[in-house]
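Printed here is protein-v9.cif (mmCIF, C-alpha atoms):
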```cif
data_data
#
loop_
_atom_site.label_atom_id
_atom_site.label_comp_id
_atom_site.auth_asym_id
_atom_site.auth_seq_id
_atom_site.Cartn_x
_atom_site.Cartn_y
_atom_site.Cartn_z
CA MET A 22 12.76 7.63 11.68
CA GLY A 23 9.64 9.68 11.06
CA THR A 24 7.90 12.48 9.21
CA THR A 25 7.68 16.18 9.94
CA ASN A 26 4.25 17.64 10.69
CA ASP A 27 3.11 21.14 9.73
CA ASP A 28 3.86 22.39 13.24
CA GLY A 29 7.45 21.18 13.01
CA THR A 30 6.98 18.16 15.28
CA ARG A 31 8.01 14.68 14.21
CA THR A 32 5.67 11.73 13.80
CA THR A 33 7.50 8.47 14.34
CA LEU A 34 7.00 5.84 11.67
CA THR A 35 5.98 2.38 12.81
CA ARG A 36 5.24 -0.77 10.86
CA GLU A 37 1.56 -0.42 11.82
CA ARG A 38 1.42 3.16 10.55
CA VAL A 39 3.16 2.26 7.31
CA LEU A 40 0.80 -0.66 6.66
CA ARG A 41 -2.30 1.38 7.52
CA ALA A 42 -1.19 3.99 5.02
CA ALA A 43 -0.59 1.25 2.43
CA LEU A 44 -4.07 -0.13 3.04
CA ALA A 45 -5.64 3.30 2.53
CA LEU A 46 -3.59 3.82 -0.62
CA ALA A 47 -4.67 0.45 -2.06
CA ASP A 48 -8.31 1.25 -1.29
CA ARG A 49 -8.03 4.60 -3.02
CA ASP A 50 -5.78 3.87 -6.00
CA GLY A 51 -5.77 0.08 -6.33
CA LEU A 52 -2.73 -2.18 -6.16
CA ALA A 53 -1.23 -0.65 -9.29
CA GLY A 54 -0.92 2.63 -7.44
CA LEU A 55 0.74 1.08 -4.41
CA THR A 56 4.53 1.28 -4.55
CA ILE A 57 7.25 2.11 -2.06
CA ARG A 58 7.55 5.52 -3.71
CA THR A 59 3.83 6.38 -3.58
CA LEU A 60 3.64 5.06 -0.03
CA ALA A 61 6.57 7.27 0.98
CA GLN A 62 4.79 10.25 -0.58
CA GLU A 63 1.63 9.38 1.32
CA LEU A 64 3.59 9.36 4.57
CA ASP A 65 5.60 12.46 3.64
CA SER A 66 8.74 10.41 4.05
CA LYS A 67 11.63 9.09 1.98
CA PRO A 68 11.47 5.65 0.32
CA MET A 69 14.64 4.57 2.12
CA SER A 70 12.96 5.24 5.48
CA LEU A 71 10.27 2.67 4.70
CA TYR A 72 12.63 -0.19 3.91
CA TYR A 73 13.24 -0.62 7.63
CA TYR A 74 9.59 -1.64 8.05
CA VAL A 75 8.73 -3.18 4.65
CA ALA A 76 11.64 -4.19 2.49
CA THR A 77 9.62 -5.28 -0.55
CA LYS A 78 6.18 -4.87 -2.07
CA ASP A 79 5.47 -8.49 -1.15
CA GLN A 80 5.96 -7.60 2.51
CA ILE A 81 3.54 -4.71 2.07
CA LEU A 82 0.98 -7.04 0.50
CA ASP A 83 1.47 -9.61 3.27
CA GLY A 84 0.87 -6.89 5.83
CA ILE A 85 -2.23 -5.30 4.31
CA VAL A 86 -3.83 -8.68 3.60
CA ASP A 87 -3.39 -9.45 7.28
CA LEU A 88 -5.07 -6.14 8.15
CA VAL A 89 -8.00 -7.12 5.95
CA PHE A 90 -8.36 -10.50 7.68
CA ALA A 91 -8.30 -8.69 11.03
CA GLU A 92 -11.50 -6.88 10.00
CA VAL A 93 -13.41 -10.09 9.31
CA HIS A 94 -15.53 -11.70 12.02
CA LEU A 95 -13.43 -14.25 13.87
CA PRO A 96 -15.54 -17.38 14.41
CA VAL A 97 -15.99 -18.39 18.03
CA VAL A 98 -15.04 -22.04 18.43
CA GLY A 99 -17.79 -23.81 20.33
CA ASN A 100 -20.63 -21.56 19.18
CA PRO A 101 -23.24 -23.06 16.80
CA TRP A 102 -21.33 -23.67 13.58
CA ARG A 103 -24.03 -22.42 11.21
CA GLN A 104 -24.43 -19.17 13.11
CA GLU A 105 -20.69 -18.58 13.00
CA MET A 106 -20.36 -19.46 9.31
CA GLU A 107 -23.23 -17.10 8.43
CA HIS A 108 -21.66 -14.29 10.45
CA ARG A 109 -18.25 -14.95 8.90
CA ALA A 110 -19.61 -15.03 5.33
CA ARG A 111 -21.54 -11.79 5.70
CA SER A 112 -18.60 -10.12 7.40
CA MET A 113 -16.15 -11.27 4.73
CA ARG A 114 -18.39 -9.97 1.96
CA ALA A 115 -18.71 -6.58 3.68
CA VAL A 116 -14.95 -6.35 4.19
CA LEU A 117 -14.27 -7.22 0.55
CA ALA A 118 -16.71 -4.51 -0.51
CA ARG A 119 -14.53 -2.03 1.39
CA HIS A 120 -11.28 -3.46 0.02
CA ARG A 121 -12.15 -4.52 -3.54
CA TRP A 122 -8.50 -5.09 -4.49
CA ALA A 123 -8.19 -7.83 -1.86
CA VAL A 124 -10.44 -10.56 -3.23
CA GLY A 125 -7.72 -12.09 -5.41
CA LEU A 126 -5.04 -11.82 -2.76
CA LEU A 127 -6.49 -13.19 0.48
CA GLU A 128 -5.41 -16.77 -0.15
CA SER A 129 -2.29 -15.95 -2.15
CA ARG A 130 0.25 -15.07 0.53
CA ALA A 131 3.18 -17.41 1.15
CA ALA A 132 3.92 -15.65 4.45
CA PRO A 133 0.49 -15.23 6.10
CA GLY A 134 0.28 -12.96 9.13
CA PRO A 135 -1.14 -13.68 12.59
CA ALA A 136 -4.64 -12.37 11.87
CA THR A 137 -4.83 -14.53 8.74
CA LEU A 138 -3.72 -17.63 10.63
CA ARG A 139 -6.10 -16.95 13.54
CA HIS A 140 -8.99 -16.57 11.11
CA HIS A 141 -8.32 -19.83 9.30
CA ASP A 142 -7.70 -21.72 12.53
CA ALA A 143 -10.90 -20.44 14.18
CA THR A 144 -12.96 -21.30 11.11
CA LEU A 145 -11.57 -24.82 10.98
CA GLY A 146 -11.95 -25.20 14.75
CA THR A 147 -15.59 -24.13 14.63
CA LEU A 148 -16.38 -26.82 12.07
CA ARG A 149 -14.32 -29.52 13.78
CA ARG A 150 -15.80 -28.80 17.21
CA ALA A 151 -19.27 -29.10 15.64
CA GLY A 152 -18.51 -32.67 14.58
CA PHE A 153 -17.35 -32.23 11.00
CA SER A 154 -14.82 -34.87 9.98
CA LEU A 155 -11.46 -33.74 8.62
CA ARG A 156 -12.60 -34.35 5.05
CA ALA A 157 -15.98 -32.70 5.58
CA THR A 158 -14.28 -29.69 7.17
CA ALA A 159 -12.00 -29.28 4.16
CA HIS A 160 -14.97 -29.59 1.77
CA ALA A 161 -17.10 -27.10 3.72
CA TYR A 162 -14.33 -24.52 4.02
CA ALA A 163 -13.45 -24.73 0.32
CA LEU A 164 -17.09 -24.49 -0.75
CA LEU A 165 -17.86 -21.52 1.48
CA ASP A 166 -14.77 -19.55 0.47
CA SER A 167 -15.29 -20.27 -3.22
CA TYR A 168 -18.81 -18.90 -2.94
CA ILE A 169 -17.92 -15.84 -0.84
CA TYR A 170 -14.92 -14.83 -2.93
CA GLY A 171 -16.68 -15.57 -6.21
CA PHE A 172 -19.73 -13.53 -5.28
CA ALA A 173 -17.57 -10.64 -4.09
CA LEU A 174 -15.63 -10.70 -7.37
CA GLN A 175 -18.81 -10.72 -9.46
CA GLU A 176 -20.44 -8.04 -7.32
CA ALA A 177 -17.40 -5.77 -7.70
CA ALA A 178 -17.47 -6.18 -11.48
CA LEU A 179 -21.14 -5.36 -12.01
CA PRO A 180 -21.80 -1.90 -13.51
CA LEU A 181 -24.32 -1.14 -10.77
CA ALA A 182 -24.35 1.49 -8.06
CA GLY A 183 -27.19 0.30 -5.85
CA VAL A 184 -30.82 -0.66 -6.42
CA ASP A 185 -31.72 2.61 -8.12
CA SER A 186 -29.22 2.06 -10.95
CA VAL A 187 -30.52 -1.34 -12.09
CA ALA A 188 -33.11 0.01 -14.54
CA GLU A 189 -30.66 2.54 -15.95
CA VAL A 190 -28.02 -0.11 -16.61
CA ALA A 191 -30.46 -2.77 -17.84
CA ALA A 192 -32.50 -0.57 -20.21
CA PRO A 193 -30.00 -0.49 -23.11
CA ILE A 194 -29.35 -4.22 -22.70
CA MET A 195 -33.09 -4.87 -22.89
CA GLU A 196 -33.12 -3.27 -26.33
CA LEU A 197 -30.94 -6.15 -27.56
CA PHE A 198 -33.73 -8.57 -26.66
CA ALA A 199 -36.38 -6.83 -28.75
CA ASP A 200 -36.01 -9.09 -31.80
CA GLY A 201 -36.71 -12.22 -29.77
CA GLN A 202 -33.31 -13.86 -30.25
CA TYR A 203 -32.73 -14.18 -26.51
CA PRO A 204 -36.09 -15.19 -25.04
CA TRP A 205 -34.81 -16.65 -21.78
CA MET A 206 -32.69 -13.60 -21.00
CA ALA A 207 -35.63 -11.35 -21.78
CA GLU A 208 -37.83 -13.41 -19.47
CA ILE A 209 -35.49 -13.19 -16.47
CA ALA A 210 -34.82 -9.51 -17.11
CA GLU A 211 -38.48 -8.59 -17.28
CA GLY A 212 -39.68 -10.95 -14.57
CA VAL A 213 -36.90 -10.44 -12.03
CA VAL A 214 -34.18 -7.89 -12.74
CA MET A 215 -36.44 -5.06 -13.88
CA GLN A 216 -38.96 -5.55 -11.10
CA PRO A 217 -39.16 -2.72 -8.54
CA GLY A 218 -36.74 -3.15 -5.66
CA TYR A 219 -34.62 -5.88 -7.25
CA ASP A 220 -31.23 -5.99 -5.62
CA PHE A 221 -28.53 -8.37 -6.85
CA ALA A 222 -26.98 -8.25 -3.37
CA GLU A 223 -29.91 -10.27 -2.03
CA GLU A 224 -28.78 -13.21 -4.12
CA PHE A 225 -25.88 -13.62 -1.69
CA GLU A 226 -28.16 -14.62 1.18
CA HIS A 227 -30.10 -17.07 -0.98
CA GLY A 228 -26.94 -18.82 -2.15
CA LEU A 229 -25.42 -18.86 1.33
CA GLU A 230 -28.47 -20.55 2.81
CA LEU A 231 -28.46 -23.20 0.06
CA ILE A 232 -24.81 -23.99 0.75
CA LEU A 233 -25.25 -24.15 4.52
CA ASP A 234 -28.28 -26.43 4.06
CA ALA A 235 -26.13 -28.76 1.97
CA ILE A 236 -23.18 -29.15 4.35
CA THR A 237 -23.66 -31.13 7.51
CA PRO A 238 -21.34 -32.55 10.18
CA HIS A 239 -20.31 -36.09 9.33
#
```

Take the structure from the file and write it as structure tokens.
Amino acid sequence: MGTTNDDGTRTTLTRERVLRAALALADRDGLAGLTIRTLAQELDSKPMSLYYYVATKDQILDGIVDLVFAEVHLPVVGNPWRQEMEHRARSMRAVLARHRWAVGLLESRAAPGPATLRHHDATLGTLRRAGFSLRATAHAYALLDSYIYGFALQEAALPLAGVDSVAEVAAPIMELFADGQYPWMAEIAEGVVMQPGYDFAEEFEHGLELILDAITPH
């Protein structure tokens, strides 16, 4: 099974190629635009040809979620735990910025793939090897993921396109504060958000450090 190229040669379909195409399609059009039919069109193939590799949309989602996890830094068990958790958190945030559709799906799969399982196991192993108890490991992992995923979700929803757009987006909102009904919002907007160089993305590092300071092996 395969597709025909412009020069008349055939490109053989593989599960990897199908899933890579699905990942690109989800990145471009979102999950709503990802169907067997649109995927077949993307691969210049017939829908029936794809069922050999991915029989359902759930199998497609399982596969592309695993590809996303494969892009995230895999913690090295035995390395300093804080160093590895920092690297993992920053890597996960960067990956979710590339694949914005994925934030609500990463922990939703009932049939996780090998990259997903390796990632979870290495993260748990890094904490356990550092001396975290079973309970403390569970708490730390849940807290870190809640923060990373939550920040990525909020960051994706903000109507901002970089540092230079903050003033443009905030200016009309600031007009709502002119009558003094929202003094605390006006204060934070004027004293922080509207200051030159403010970047909401920097809040991620501040929050991450607070969390890592709060969790300790015990």

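From CA of Gln80 in chain A back to CA of Ala132 in chain A, the distance works out to 8.5 Å.
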
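From CA of Phe221 in chain A back to CA of Ala207 in chain A, the distance works out to 16.8 Å.
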
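Checking A:Arg111, A:Ala235, A:Leu197, A:Arg121 one by one against Ala222 in chain A, counting all atoms listed in the file, you find the shortest gap at A:Arg111.
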
message: Taking 6 positions as the minimum chain separation for residues in the same chain, which residues sit within 12 Å of Leu231 in chain A when counting only C-alpha atoms? Answer as a PyMOL selection string.
response: chain A and resi 107+164-165+168+224-225+237

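Here the PyMOL selection byres ((chain A and resi 81-91) around 8) captures the residues Leu40, Arg41, Ala43, Leu44, Val75, Thr77, Lys78, Asp79, Gln80, Glu92, Val93, His94, Val116, His120, Ala123, Leu126, Leu127, Arg130, Ala132, Pro133, Gly134, Pro135, Ala136, Thr137 and His140 of chain A.
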
- request: Given the file shown, determine the residues that the PyMOL selection byres ((chain A and resi 103) around 10) selects; report them as a ChimeraX atom specification.
  value: /A:100-102,104-109,147-148,151,230,233-234,236-237

Evaluate the PyMOL selection byres ((chain A and resi 211) around 12) here and jot the selected residues down as a compact mmCIF listing (two decimals) with C-alpha atoms, in the frame of the given file.
```txt
# COMPACT_ATOMS: atom_id res chain seq x y z
CA VAL A 187 -30.52 -1.34 -12.09
CA ALA A 188 -33.11 0.01 -14.54
CA ALA A 191 -30.46 -2.77 -17.84
CA ALA A 192 -32.50 -0.57 -20.21
CA ILE A 194 -29.35 -4.22 -22.70
CA MET A 195 -33.09 -4.87 -22.89
CA GLU A 196 -33.12 -3.27 -26.33
CA PHE A 198 -33.73 -8.57 -26.66
CA ALA A 199 -36.38 -6.83 -28.75
CA PRO A 204 -36.09 -15.19 -25.04
CA TRP A 205 -34.81 -16.65 -21.78
CA MET A 206 -32.69 -13.60 -21.00
CA ALA A 207 -35.63 -11.35 -21.78
CA GLU A 208 -37.83 -13.41 -19.47
CA ILE A 209 -35.49 -13.19 -16.47
CA ALA A 210 -34.82 -9.51 -17.11
CA GLY A 212 -39.68 -10.95 -14.57
CA VAL A 213 -36.90 -10.44 -12.03
CA VAL A 214 -34.18 -7.89 -12.74
CA MET A 215 -36.44 -5.06 -13.88
CA GLN A 216 -38.96 -5.55 -11.10
CA PRO A 217 -39.16 -2.72 -8.54
CA TYR A 219 -34.62 -5.88 -7.25
```

query: Separation of CA of Ala53 in chain A and CA of Ile169 in chain A, in Å?
result: 24.1 Å

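Considering all atoms listed in the file, the residue among A:Lys67, A:Arg58, A:His227, A:Arg114 positioned nearest to Leu46 in chain A is A:Arg58.
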
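Excluding His239 in chain A and any residue on its chain fewer than 5 positions from it, the residues at most 7 Å away by all atoms listed in the file are Gly152, Phe153, Ser154 and Ala157 of chain A.
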
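If all atoms listed in the file are the atoms counted, then among A:Thr35, A:Thr158, A:Gln202, A:Ser112 the closest residue to Ser70 in chain A is A:Thr35.
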
Anything within 8 Å of (-14.4, -10.2, -3.7): list those residues as a tab-separated table (two decimals) with C-alpha atoms, in the frame of the given file, counting all atoms listed in the file and sticking to the file's coordinates.
```tsv
chain	number	residue	atom	x	y	z
A	114	ARG	CA	-18.39	-9.97	1.96
A	117	LEU	CA	-14.27	-7.22	0.55
A	118	ALA	CA	-16.71	-4.51	-0.51
A	121	ARG	CA	-12.15	-4.52	-3.54
A	122	TRP	CA	-8.50	-5.09	-4.49
A	123	ALA	CA	-8.19	-7.83	-1.86
A	124	VAL	CA	-10.44	-10.56	-3.23
A	125	GLY	CA	-7.72	-12.09	-5.41
A	169	ILE	CA	-17.92	-15.84	-0.84
A	170	TYR	CA	-14.92	-14.83	-2.93
A	171	GLY	CA	-16.68	-15.57	-6.21
A	172	PHE	CA	-19.73	-13.53	-5.28
A	173	ALA	CA	-17.57	-10.64	-4.09
A	174	LEU	CA	-15.63	-10.70	-7.37
A	175	GLN	CA	-18.81	-10.72	-9.46
A	176	GLU	CA	-20.44	-8.04	-7.32
A	177	ALA	CA	-17.40	-5.77	-7.70
```

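Among A:Thr59, A:Thr144, A:Thr33, A:Ser66, the residue with the shortest atom-to-atom distance to Asp166 in chain A, counting all atoms listed in the file, is A:Thr144.
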
Option closest in space to Arg149 in chain A, from A:Gly228, A:Gly218, A:Pro238, A:Gly201 [counting only C-alpha atoms]: A:Pro238

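The smallest atom-to-atom distance between Gly146 in chain A and any of A:Leu34, A:Ala178, A:Leu95, A:Ala110, using only C-alpha atoms, is found for A:Leu95.
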